[in-house]
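Asker: Take a look at this one; I'll ask things after.
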Amino acid sequence: MKAIILPQPPLILVVDDDRMNRDLLQVMLSAEGFVVVTAASGEEALAAIAIRPPDLILLDVLMPGMNGHEVTRRVKGNLATKNIPVIMVTALDDRDARLFGLGAGAEDFLTKPLDRVELCMRVRNMLRLKASSDQALVRRDDSMGMVSHELRNVLSGLMLGAVLLESEGTDTIEGQRIVDAARLMQRQGKRMGRLIEDLVDVVRIDAGKLALKPSRCDAQVLLNDAVETCAASAAEKGVSLGAESVAGGLEADFDRERLLQVLTNLIGNALKFTPSGGSITLQATATAGDLCLAVNDTGVGIPADLLGAVFERFRQVDTDERGLGLGLYICRCIVDSHGGRIWAESVQGVKTTFHVAIPGLGAALASGVLVVPALDLPGVHPVSEAPAAVALGAGSGRILVVDDDQAICETLAKFLTRQGFTTEWTTSPAEAIEMLTTST
Amino acid sequence: MIVTDLNMPHIDGFALTKHIGSVRPGLPVIVTSAFGTAETRSDALVAGAHRFMSKPYDLEVLFSELREAVTTGRAATV
């Protein structure tokens, strides 16, 4: 078997309410070269994991307060920690505790009294499995990133080509056919773009890299933005789409872009299942300290037995509709990251409502959520700093396009020239700098 | 105005944007990338980009951004 080299001594968290047991495990594991930290309760263990996620957790089952099963359930239920292996430590004759622990998601168990050799072997085996799965995840993320990058680039070229083709259309029947085909290509291209975004999001979610940037936002603005984003699709389908006005203004801390993504996904989903002539209505209310958002539609409804399952990945209620079945799964992950809840209610053939509850109206997001602080972005250079500000008419001005993909350069330059801009392009950034230095 | 890709050999879009900011302050730069994540967007804006756009482009948005850059007088001649 090929050895996998661990980059630094693995960190093992030992959780036991009995000090003797903790000390014993610490001595045994330290002697094998592991770095050991200990926790005396389930609560202490969760705090230690939040501060510095260990490579493996050795967990006593019977503890006062939060027991080992609950700790396991929480570790496995959190996107950021679910990949940390858990070895339960149980009494030899306690079969029920072992089965319960394995059911809660623990990878393995050891029985007391502990055998030093067996302990070290099991720990090493588990760490080797984890290192191997971590490497596989990194490789998958890398290739996913590269593939999506290439796909988006190729799609850019195709979309630009379709726009150019559309502008070639004439009033003749043949010309109109070209225009229709070019528009179809653009619609399909946009859909493909959305599918790529969904796949990229899922990879980020699985890697525990879904970062939130919460800030104080107005719920009414959020609803209005969602309606505006989806207005064209709704009109195309003949479905009326609107937001009810929020009484008295409602502000909360959330990641505006991500919740907008949730709402537009939910509206997109509602549009699929609402026939022409139907309606979709958005609401925002404050309920028990939560910001509650609702997307109501007059669509075909969801069978009762599928109401919970719709949020599973790759799940599609209606296989006739195209897509990957990732939209609602992504919604759930975004809402989960906010510490909130998402659920659906439906009367078949009459209506469906998707509810989203985000906690902490007026309070910061709960701890344990993956939060990165929003960057302080510098503004655009003020006009006074511009050395030669000029006022030009719409669609005029000089533009330099820089892209190492020549097809994109050419097509974009052609498009911009048609729009009235004077356009130059180069595939070399060095040449771009040269052009900037020499031109006046 | 400059419309530049992000991932390019030798000099990437971040470096190009920073360079433009130092030699031609006020010249609007729109950075585009097929690696359109929240992080790359922030990084591009921090580097001094006027706007960041994910690929595939939404041409209507790109066009209105370019027109806005011109009509609001933020543009400097290249």
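Ordering of the structure tokens sets the chain letters (A, B, ...); residue numbers start at 1 within each chain; ligands are numbered from 1 in the order shown.
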List every residue of stretch 47-270 of chain A that DSSP, applied to the backbone of this structure, places in helix (DSSP H, G or I), and write the result as a PyMOL selection string.

Answerer: chain A and resi 47-51+68-77+95-103+116-168+173-206+219-237+256-270

Asker: Residues of chain B within 8 Å of chain A, using only C-alpha atoms, as a ChimeraX atom specification?

Answerer: /B:1-6,8-9,11-13,16,19-20,23-27,34-35,42,45-46,48-50,55-57,59,63,66-68,70-78

Asker: Could the residues in this selection be saved with C-alpha atoms as a short mmCIF file (atom, residue, chain, number, x, y, z; two decimals), in the first residue's frame?

Answerer:
```cif
data_model
loop_
_atom_site.label_atom_id
_atom_site.label_comp_id
_atom_site.auth_asym_id
_atom_site.auth_seq_id
_atom_site.Cartn_x
_atom_site.Cartn_y
_atom_site.Cartn_z
CA MET B 1 -11.23 51.94 -20.56
CA ILE B 2 -9.76 48.51 -20.16
CA VAL B 3 -11.64 45.20 -20.18
CA THR B 4 -9.24 42.52 -18.99
CA ASP B 5 -9.31 38.83 -18.24
CA LEU B 6 -7.97 37.70 -14.86
CA MET B 8 -3.38 35.11 -18.03
CA PRO B 9 0.19 33.88 -18.31
CA ILE B 11 1.00 38.97 -15.76
CA ASP B 12 -2.45 38.31 -14.35
CA GLY B 13 -5.42 40.68 -14.30
CA LEU B 16 -2.33 44.53 -14.69
CA HIS B 19 -0.13 48.64 -12.73
CA ILE B 20 -2.79 50.63 -14.56
CA VAL B 23 0.45 54.70 -14.25
CA ARG B 24 -3.02 55.88 -15.27
CA PRO B 25 -5.07 56.55 -12.13
CA GLY B 26 -8.73 57.06 -12.91
CA LEU B 27 -8.69 54.88 -16.02
CA ALA B 34 -14.39 32.56 -15.47
CA PHE B 35 -13.31 32.00 -11.84
CA SER B 42 -13.30 41.27 -3.78
CA LEU B 45 -11.95 45.47 -6.51
CA VAL B 46 -9.19 45.71 -3.91
CA GLY B 48 -8.43 48.81 -8.03
CA ALA B 49 -10.84 47.42 -10.63
CA HIS B 50 -13.81 49.61 -11.45
CA LYS B 55 -17.76 34.99 -17.46
CA PRO B 56 -19.79 34.20 -19.42
CA TYR B 57 -20.44 37.91 -19.85
CA LEU B 59 -23.30 41.68 -22.58
CA PHE B 63 -22.33 47.50 -22.27
CA LEU B 66 -18.93 50.77 -20.21
CA ARG B 67 -21.45 53.44 -21.17
CA GLU B 68 -21.79 54.52 -17.54
CA VAL B 70 -17.92 57.07 -20.15
CA THR B 71 -20.97 59.22 -19.47
CA THR B 72 -20.21 59.81 -15.81
CA GLY B 73 -16.87 61.22 -16.85
CA ARG B 74 -14.85 58.60 -15.02
CA ALA B 75 -13.08 57.72 -18.21
CA ALA B 76 -9.66 58.89 -19.11
CA THR B 77 -8.58 58.50 -22.69
CA VAL B 78 -6.38 55.52 -23.41
#
```

Asker: For A:Ala243, please output as a compact mmCIF listing (two decimals) with N, CA and C atoms, in the first residue's frame all residues within 8 Å (counting only C-alpha atoms; exclusion window: fewer than 3 positions along the same chain).

Answerer:
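File produced: part28.txt:
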```txt
# COMPACT_ATOMS: atom_id res chain seq x y z
N LEU A 223 -36.58 41.53 -1.24
CA LEU A 223 -37.72 41.02 -2.01
C LEU A 223 -37.82 41.72 -3.37
N ASN A 224 -37.69 43.04 -3.35
CA ASN A 224 -37.80 43.79 -4.61
C ASN A 224 -36.72 43.36 -5.61
N VAL A 227 -37.62 40.03 -7.14
CA VAL A 227 -38.69 40.18 -8.14
C VAL A 227 -38.11 40.75 -9.44
N THR A 281 -46.02 35.08 -5.22
CA THR A 281 -45.98 36.23 -4.33
C THR A 281 -44.92 36.03 -3.25
N LEU A 282 -44.14 37.08 -2.98
CA LEU A 282 -43.10 37.02 -1.95
C LEU A 282 -43.57 37.79 -0.72
N GLN A 283 -43.24 37.26 0.45
CA GLN A 283 -43.59 37.94 1.70
C GLN A 283 -42.38 37.94 2.64
```

Asker: For a test of reading the model, state the distance in Å between atom CA of A:Asp305 and atom CA of A:Ala234, rounded to one decimal.

Answerer: 28.0 Å

Asker: Show which residues sit within 10 Å of stretch 94-98 of chain A, as a list of chain:residue names. Count only C-alpha atoms, and ignore same-chain residues fewer than 6 positions away.

Answerer: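 Answer for this query is A:Val61, A:Leu62, A:Gly68, A:His69, A:Met88, A:Ala104, A:Ala106, A:Asp108, A:Phe109, A:Leu110, A:Thr111.
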
Asker: Based on the selection just made, write C-alpha atoms of those residues as an mmCIF file, in the first residue's frame.

Answerer:
```cif
data_model
loop_
_atom_site.group_PDB
_atom_site.id
_atom_site.type_symbol
_atom_site.label_atom_id
_atom_site.label_comp_id
_atom_site.auth_asym_id
_atom_site.auth_seq_id
_atom_site.Cartn_x
_atom_site.Cartn_y
_atom_site.Cartn_z
ATOM 1 C CA VAL A 61 -20.045 7.979 25.266
ATOM 2 C CA LEU A 62 -21.281 8.352 28.838
ATOM 3 C CA GLY A 68 -20.907 11.377 23.121
ATOM 4 C CA HIS A 69 -23.772 10.576 20.761
ATOM 5 C CA MET A 88 -16.348 6.215 20.176
ATOM 6 C CA ALA A 104 -25.002 8.809 14.865
ATOM 7 C CA ALA A 106 -19.093 7.679 14.355
ATOM 8 C CA ASP A 108 -15.341 3.322 14.600
ATOM 9 C CA PHE A 109 -15.421 2.319 18.266
ATOM 10 C CA LEU A 110 -13.044 1.035 20.910
ATOM 11 C CA THR A 111 -13.998 -0.813 24.060
#
```

Asker: Leaving out A:Leu266 and any residue of its chain fewer than 4 positions from it, which residues lie within 10 Å of it when counting only C-alpha atoms, given as a VMD selection string?

Answerer: chain A and resid 226 260 to 262 270 to 272 294 to 296 327 to 328 331 353 to 355

Asker: The selected residues should be written to file as a PDB file, in the first residue's frame (atoms: N, CA and C atoms).

Answerer:
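Just written: out.pdb:
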```
ATOM      1  N   ALA A 226     -35.240  40.479  -5.759  1.00  0.00           N
ATOM      2  CA  ALA A 226     -35.546  39.126  -6.254  1.00  0.00           C
ATOM      3  C   ALA A 226     -36.606  39.197  -7.353  1.00  0.00           C
ATOM      4  N   LEU A 260     -30.439  36.453  -1.766  1.00  0.00           N
ATOM      5  CA  LEU A 260     -31.041  36.780  -3.068  1.00  0.00           C
ATOM      6  C   LEU A 260     -30.982  35.536  -3.966  1.00  0.00           C
ATOM      7  N   GLN A 261     -29.861  34.815  -3.870  1.00  0.00           N
ATOM      8  CA  GLN A 261     -29.716  33.570  -4.632  1.00  0.00           C
ATOM      9  C   GLN A 261     -30.788  32.555  -4.195  1.00  0.00           C
ATOM     10  N   VAL A 262     -31.032  32.468  -2.873  1.00  0.00           N
ATOM     11  CA  VAL A 262     -32.063  31.558  -2.364  1.00  0.00           C
ATOM     12  C   VAL A 262     -33.427  31.930  -2.959  1.00  0.00           C
ATOM     13  N   ALA A 270     -40.508  27.786  -8.545  1.00  0.00           N
ATOM     14  CA  ALA A 270     -41.957  28.013  -8.585  1.00  0.00           C
ATOM     15  C   ALA A 270     -42.419  28.219 -10.033  1.00  0.00           C
ATOM     16  N   LEU A 271     -41.585  28.925 -10.814  1.00  0.00           N
ATOM     17  CA  LEU A 271     -41.950  29.191 -12.216  1.00  0.00           C
ATOM     18  C   LEU A 271     -42.075  27.891 -13.014  1.00  0.00           C
ATOM     19  N   LYS A 272     -41.196  26.913 -12.674  1.00  0.00           N
ATOM     20  CA  LYS A 272     -41.238  25.639 -13.393  1.00  0.00           C
ATOM     21  C   LYS A 272     -42.582  24.943 -13.212  1.00  0.00           C
ATOM     22  N   ALA A 294     -41.256  34.111   2.585  1.00  0.00           N
ATOM     23  CA  ALA A 294     -42.106  33.084   1.981  1.00  0.00           C
ATOM     24  C   ALA A 294     -42.247  33.339   0.494  1.00  0.00           C
ATOM     25  N   VAL A 295     -42.174  32.247  -0.273  1.00  0.00           N
ATOM     26  CA  VAL A 295     -42.421  32.319  -1.723  1.00  0.00           C
ATOM     27  C   VAL A 295     -43.654  31.458  -1.984  1.00  0.00           C
ATOM     28  N   ASN A 296     -44.787  32.118  -2.306  1.00  0.00           N
ATOM     29  CA  ASN A 296     -46.055  31.413  -2.533  1.00  0.00           C
ATOM     30  C   ASN A 296     -46.300  31.295  -4.029  1.00  0.00           C
ATOM     31  N   GLY A 327     -30.618  23.221  -7.202  1.00  0.00           N
ATOM     32  CA  GLY A 327     -31.069  24.543  -6.751  1.00  0.00           C
ATOM     33  C   GLY A 327     -31.572  24.555  -5.319  1.00  0.00           C
ATOM     34  N   LEU A 328     -32.488  23.645  -4.993  1.00  0.00           N
ATOM     35  CA  LEU A 328     -33.068  23.650  -3.640  1.00  0.00           C
ATOM     36  C   LEU A 328     -32.068  23.154  -2.600  1.00  0.00           C
ATOM     37  N   CYS A 331     -30.056  26.107  -1.805  1.00  0.00           N
ATOM     38  CA  CYS A 331     -30.871  26.964  -0.921  1.00  0.00           C
ATOM     39  C   CYS A 331     -30.754  26.493   0.531  1.00  0.00           C
ATOM     40  N   THR A 353     -45.963  26.760  -0.788  1.00  0.00           N
ATOM     41  CA  THR A 353     -45.231  27.859  -0.155  1.00  0.00           C
ATOM     42  C   THR A 353     -43.896  27.333   0.351  1.00  0.00           C
ATOM     43  N   PHE A 354     -42.818  28.012  -0.037  1.00  0.00           N
ATOM     44  CA  PHE A 354     -41.508  27.721   0.541  1.00  0.00           C
ATOM     45  C   PHE A 354     -41.228  28.772   1.606  1.00  0.00           C
ATOM     46  N   HIS A 355     -40.914  28.307   2.813  1.00  0.00           N
ATOM     47  CA  HIS A 355     -40.627  29.217   3.917  1.00  0.00           C
ATOM     48  C   HIS A 355     -39.136  29.209   4.222  1.00  0.00           C
TER      49      HIS A 355
END
```

Asker: List every residue of stretch 169-292 of chain A that DSSP, applied to the backbone of this structure, assigns to strand (DSSP E or B), and report them as a PyMOL selection string.

Answerer: chain A and resi 212+215-218+240-243+251-254+279-287+290-292

Asker: Between atom CA of A:Asp290 and atom CA of A:Arg74, what is the spacing in Å?

Answerer: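 Calculated distance between atom CA of A:Arg74 and atom CA of A:Asp290 is 22.3 Å.
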
Asker: Please, what distance in Å, to one decimal, runs between atom CA of A:Leu241 and atom CA of A:Phe273?

Answerer: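 So the answer is 13.7 Å.
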